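A.B. asks: Before I ask anything, here is the structure I am working with.
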Amino acid sequence: MQSIRQSVWKQLCRDKHLIIMAVPAIVYYILFSYVPMTGLVMAFKNFLPGNGLYSGDWVGLKWFERFFSSVYFGRLLRNTFLLSFYSLLFGFPVPILFALCINEVRNTALKRSIQTVSYLPYFFSTVVVVGMVRNFLSLNDGIVNNVIEFLGGKRVNFFMEASCFRSIYVCTSIWQNFGFSSIIYIAAILGISPELYESASLDGINKFQEAWYITLPIIKPTILILLLLNVGNLMSVGFEKVYLMYNGSTYETADVISTYVYRQGIESNKYSYSAAIGLFNSVMNFVFVFAANFASRRLANASLW
């Protein structure tokens, strides 16, 4: 036992600088991720504001049953899942394809310029992005409607059409995030030994075959890990963007769990009810990431744990 303690103490002393660097992150997650979880008790109580966090009578699963029997349950679940699923389906491959294309650019100055331009939208605030989209798609003077009218079509009020919401949301998300998301793929590709490509070129392999048989198989673990992390957030649609883009006429396709929680919790003061919905959403994400990790471990022999 004494030797084990000495060994542990020796390792702590050896890694003390790394431990000190990790302390702020650990404190952050404890304070802002784990401590607030004690407030989940509200989902099982009839919370009364002003009487303390743990006030109110215990009601068990009452709020969950109310949400499951609500007329909005199916719509919220469908909209949340479809927005995330479409974003993942159409948005996840784009950074990979962009990284593969950037890897083929030999002019260093041009490559850096393209990368810088692709990163910029990520640093725009959501308010700015939505404002730009609203200007582009404006009914009266938007450039998109101007082009449609010039080609003989009829102007479309995109933000009042429920059928257009998902397409606008997914396309703008891809445009805003693909450049920044490609950084990790570019880094993974740069770590591939050039000798592999040289050997392949001697065998007469073309660029497409290089990407298919060399680049993608080597960076597959990176792709799978990021895919699993994205699947873990499949039921977490960004509240800010949806809230800024939707309106009463687009609720049918735009209203998601996070916006419904906001309206019930902040606007209607139904704190326990909104806490129950938020807990349900978190549990769904937990289930998705475990299922995806299990499938990835079985099918591709790669997983987070």
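Chain lettering (A, B, ...) mirrors the order of the structure tokens, residue numbering begins at 1 for each chain separately, and ligand numbering begins at 1 in order of display.
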Could you produce a table of the residues of stretch 157-214 of chain A lying within 8 Å of stretch 101-115 of chain A, with the nearest pair of atoms per residue and their separation in Å rounded to one decimal, using only C-alpha atoms, ordered by chain and increasing residue number, as JSON lines?

C.D. replies:
{"residue": "A:Gly179", "atom": "CA", "partner": "A:Gln115", "partner_atom": "CA", "distance": 6.9}
{"residue": "A:Ile186", "atom": "CA", "partner": "A:Asn103", "partner_atom": "CA", "distance": 7.3}
{"residue": "A:Ile189", "atom": "CA", "partner": "A:Asn103", "partner_atom": "CA", "distance": 7.6}

A.B. asks: Just the residues within 8 Å of stretch 283-291 of chain A, please, counting only C-alpha atoms, with nothing from its chain fewer than 4 positions along; format it as number ranges by chain.

C.D. replies: A: 228-229, 231-236, 279, 295

A.B. asks: A:Glu252, A:Asn230, A:Ala25, A:Ser272: which is nearest A:Leu53, counting only C-alpha atoms?

C.D. replies: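 Of A:Glu252, A:Asn230, A:Ala25, A:Ser272, the one nearest A:Leu53, counting only C-alpha atoms, is A:Ser272.
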
A.B. asks: A:Phe136, A:Phe165, A:Phe180, A:Tyr185: which is nearest A:Leu120, counting only C-alpha atoms?

C.D. replies: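 Using only C-alpha atoms, A:Leu120 sits closest to A:Phe180.
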
A.B. asks: Got a sec: who's within 12 Å of A:Arg297, counting only C-alpha atoms, leaving out chain neighbours fewer than 5 positions off, as number ranges by chain?

C.D. replies: A: 221, 224-225, 228, 290-292, 302-305

A.B. asks: Just write the chosen residues, all heavy atoms, as a compact mmCIF listing (two decimals), in the first residue's frame.

C.D. replies:
# COMPACT_ATOMS: atom_id res chain seq x y z
N PRO A 221 -11.27 6.80 -38.50
CA PRO A 221 -11.52 6.93 -37.06
C PRO A 221 -11.92 8.34 -36.65
O PRO A 221 -12.81 8.52 -35.79
CB PRO A 221 -10.18 6.53 -36.43
CG PRO A 221 -9.54 5.64 -37.45
CD PRO A 221 -9.95 6.21 -38.78
N LEU A 224 -15.54 8.89 -37.72
CA LEU A 224 -16.49 8.17 -36.87
C LEU A 224 -16.67 8.83 -35.51
O LEU A 224 -17.78 8.93 -34.99
CB LEU A 224 -16.03 6.72 -36.70
CG LEU A 224 -16.17 5.82 -37.93
CD1 LEU A 224 -15.56 4.45 -37.65
CD2 LEU A 224 -17.64 5.68 -38.32
N ILE A 225 -15.57 9.29 -34.93
CA ILE A 225 -15.65 9.95 -33.62
C ILE A 225 -16.49 11.22 -33.71
O ILE A 225 -17.37 11.47 -32.88
CB ILE A 225 -14.25 10.26 -33.08
CG1 ILE A 225 -13.55 8.96 -32.68
CG2 ILE A 225 -14.32 11.20 -31.88
CD1 ILE A 225 -12.10 9.13 -32.29
N LEU A 228 -20.14 10.34 -34.14
CA LEU A 228 -20.75 9.95 -32.87
C LEU A 228 -21.08 11.16 -32.01
O LEU A 228 -22.14 11.22 -31.38
CB LEU A 228 -19.82 9.01 -32.11
CG LEU A 228 -19.63 7.61 -32.70
CD1 LEU A 228 -18.59 6.84 -31.91
CD2 LEU A 228 -20.95 6.85 -32.70
N PHE A 290 -25.36 6.52 -27.08
CA PHE A 290 -25.02 5.16 -26.70
C PHE A 290 -25.33 4.18 -27.82
O PHE A 290 -24.54 3.27 -28.09
CB PHE A 290 -25.78 4.76 -25.43
CG PHE A 290 -24.94 4.86 -24.18
CD1 PHE A 290 -24.75 6.08 -23.55
CD2 PHE A 290 -24.31 3.75 -23.67
CE1 PHE A 290 -23.97 6.19 -22.41
CE2 PHE A 290 -23.53 3.84 -22.52
CZ PHE A 290 -23.35 5.06 -21.89
N ALA A 291 -26.47 4.38 -28.48
CA ALA A 291 -26.83 3.49 -29.59
C ALA A 291 -25.85 3.64 -30.74
O ALA A 291 -25.42 2.65 -31.35
CB ALA A 291 -28.25 3.80 -30.05
N ALA A 292 -25.47 4.88 -31.05
CA ALA A 292 -24.53 5.11 -32.14
C ALA A 292 -23.15 4.56 -31.81
O ALA A 292 -22.47 3.99 -32.68
CB ALA A 292 -24.43 6.61 -32.43
N ALA A 302 -14.71 0.91 -34.15
CA ALA A 302 -14.22 2.20 -33.65
C ALA A 302 -15.31 2.83 -32.82
O ALA A 302 -16.50 2.81 -33.19
CB ALA A 302 -13.84 3.13 -34.80
N SER A 303 -14.96 3.38 -31.66
CA SER A 303 -15.97 3.95 -30.78
C SER A 303 -15.32 4.94 -29.82
O SER A 303 -14.09 5.03 -29.72
CB SER A 303 -16.66 2.85 -29.98
OG SER A 303 -15.73 2.14 -29.19
N LEU A 304 -16.18 5.68 -29.11
CA LEU A 304 -15.70 6.65 -28.12
C LEU A 304 -15.23 5.94 -26.86
O LEU A 304 -14.33 6.40 -26.17
CB LEU A 304 -16.79 7.65 -27.78
CG LEU A 304 -17.14 8.68 -28.86
CD1 LEU A 304 -18.33 9.51 -28.43
CD2 LEU A 304 -15.96 9.58 -29.16
N TRP A 305 -15.87 4.83 -26.52
CA TRP A 305 -15.47 4.06 -25.33
C TRP A 305 -15.76 2.58 -25.56
O TRP A 305 -16.40 2.21 -26.51
CB TRP A 305 -16.23 4.54 -24.09
CG TRP A 305 -17.70 4.33 -24.17
CD1 TRP A 305 -18.41 3.22 -23.81
CD2 TRP A 305 -18.68 5.29 -24.63
NE1 TRP A 305 -19.74 3.42 -23.99
CE2 TRP A 305 -19.93 4.67 -24.50
CE3 TRP A 305 -18.61 6.60 -25.11
CZ2 TRP A 305 -21.12 5.33 -24.86
CZ3 TRP A 305 -19.77 7.24 -25.46
CH2 TRP A 305 -21.01 6.60 -25.33

A.B. asks: Give me the residues near A:Ile148 as a PDB file with C-alpha atoms, in the first residue's frame, where near means some atom within 12 Å (using only C-alpha atoms) and where sequence neighbours in that chain fewer than 5 positions away do not count.

C.D. replies:
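Result went into part.pdb, see below:
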ATOM      1  CA  LEU A 137     -34.695  36.297 -49.049  1.00  0.00           C
ATOM      2  CA  SER A 138     -36.685  39.498 -48.516  1.00  0.00           C
ATOM      3  CA  LEU A 139     -39.998  39.535 -50.373  1.00  0.00           C
ATOM      4  CA  ASN A 140     -39.667  43.065 -51.716  1.00  0.00           C
ATOM      5  CA  ASP A 141     -35.984  43.637 -52.457  1.00  0.00           C
ATOM      6  CA  GLY A 142     -34.176  40.398 -51.655  1.00  0.00           C
ATOM      7  CA  ILE A 143     -31.626  39.305 -54.237  1.00  0.00           C
ATOM      8  CA  GLY A 153     -41.257  33.584 -61.595  1.00  0.00           C
ATOM      9  CA  LYS A 154     -43.385  34.906 -58.758  1.00  0.00           C
ATOM     10  CA  ARG A 155     -41.896  36.375 -55.600  1.00  0.00           C
ATOM     11  CA  VAL A 156     -41.956  34.050 -52.572  1.00  0.00           C
ATOM     12  CA  ASN A 157     -42.248  35.088 -48.935  1.00  0.00           C
TER      13      ASN A 157
END

A.B. asks: Give the answer as one residue: which of A:Ala275, A:Ile184, A:Leu82, A:Ile20 has the shortest atom-to-atom distance to A:Ser167, using only C-alpha atoms?

C.D. replies: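 Of the candidates, the smallest distance to A:Ser167 is held by A:Leu82.
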
A.B. asks: Would you kindly return, as number ranges by chain, each protein, DNA or RNA residue with an atom no farther than 9 Å from any atom of A:Val261, considering only C-alpha atoms and excluding same-chain residues fewer than 6 positions away?

C.D. replies: A: 271, 273-275, 277-278
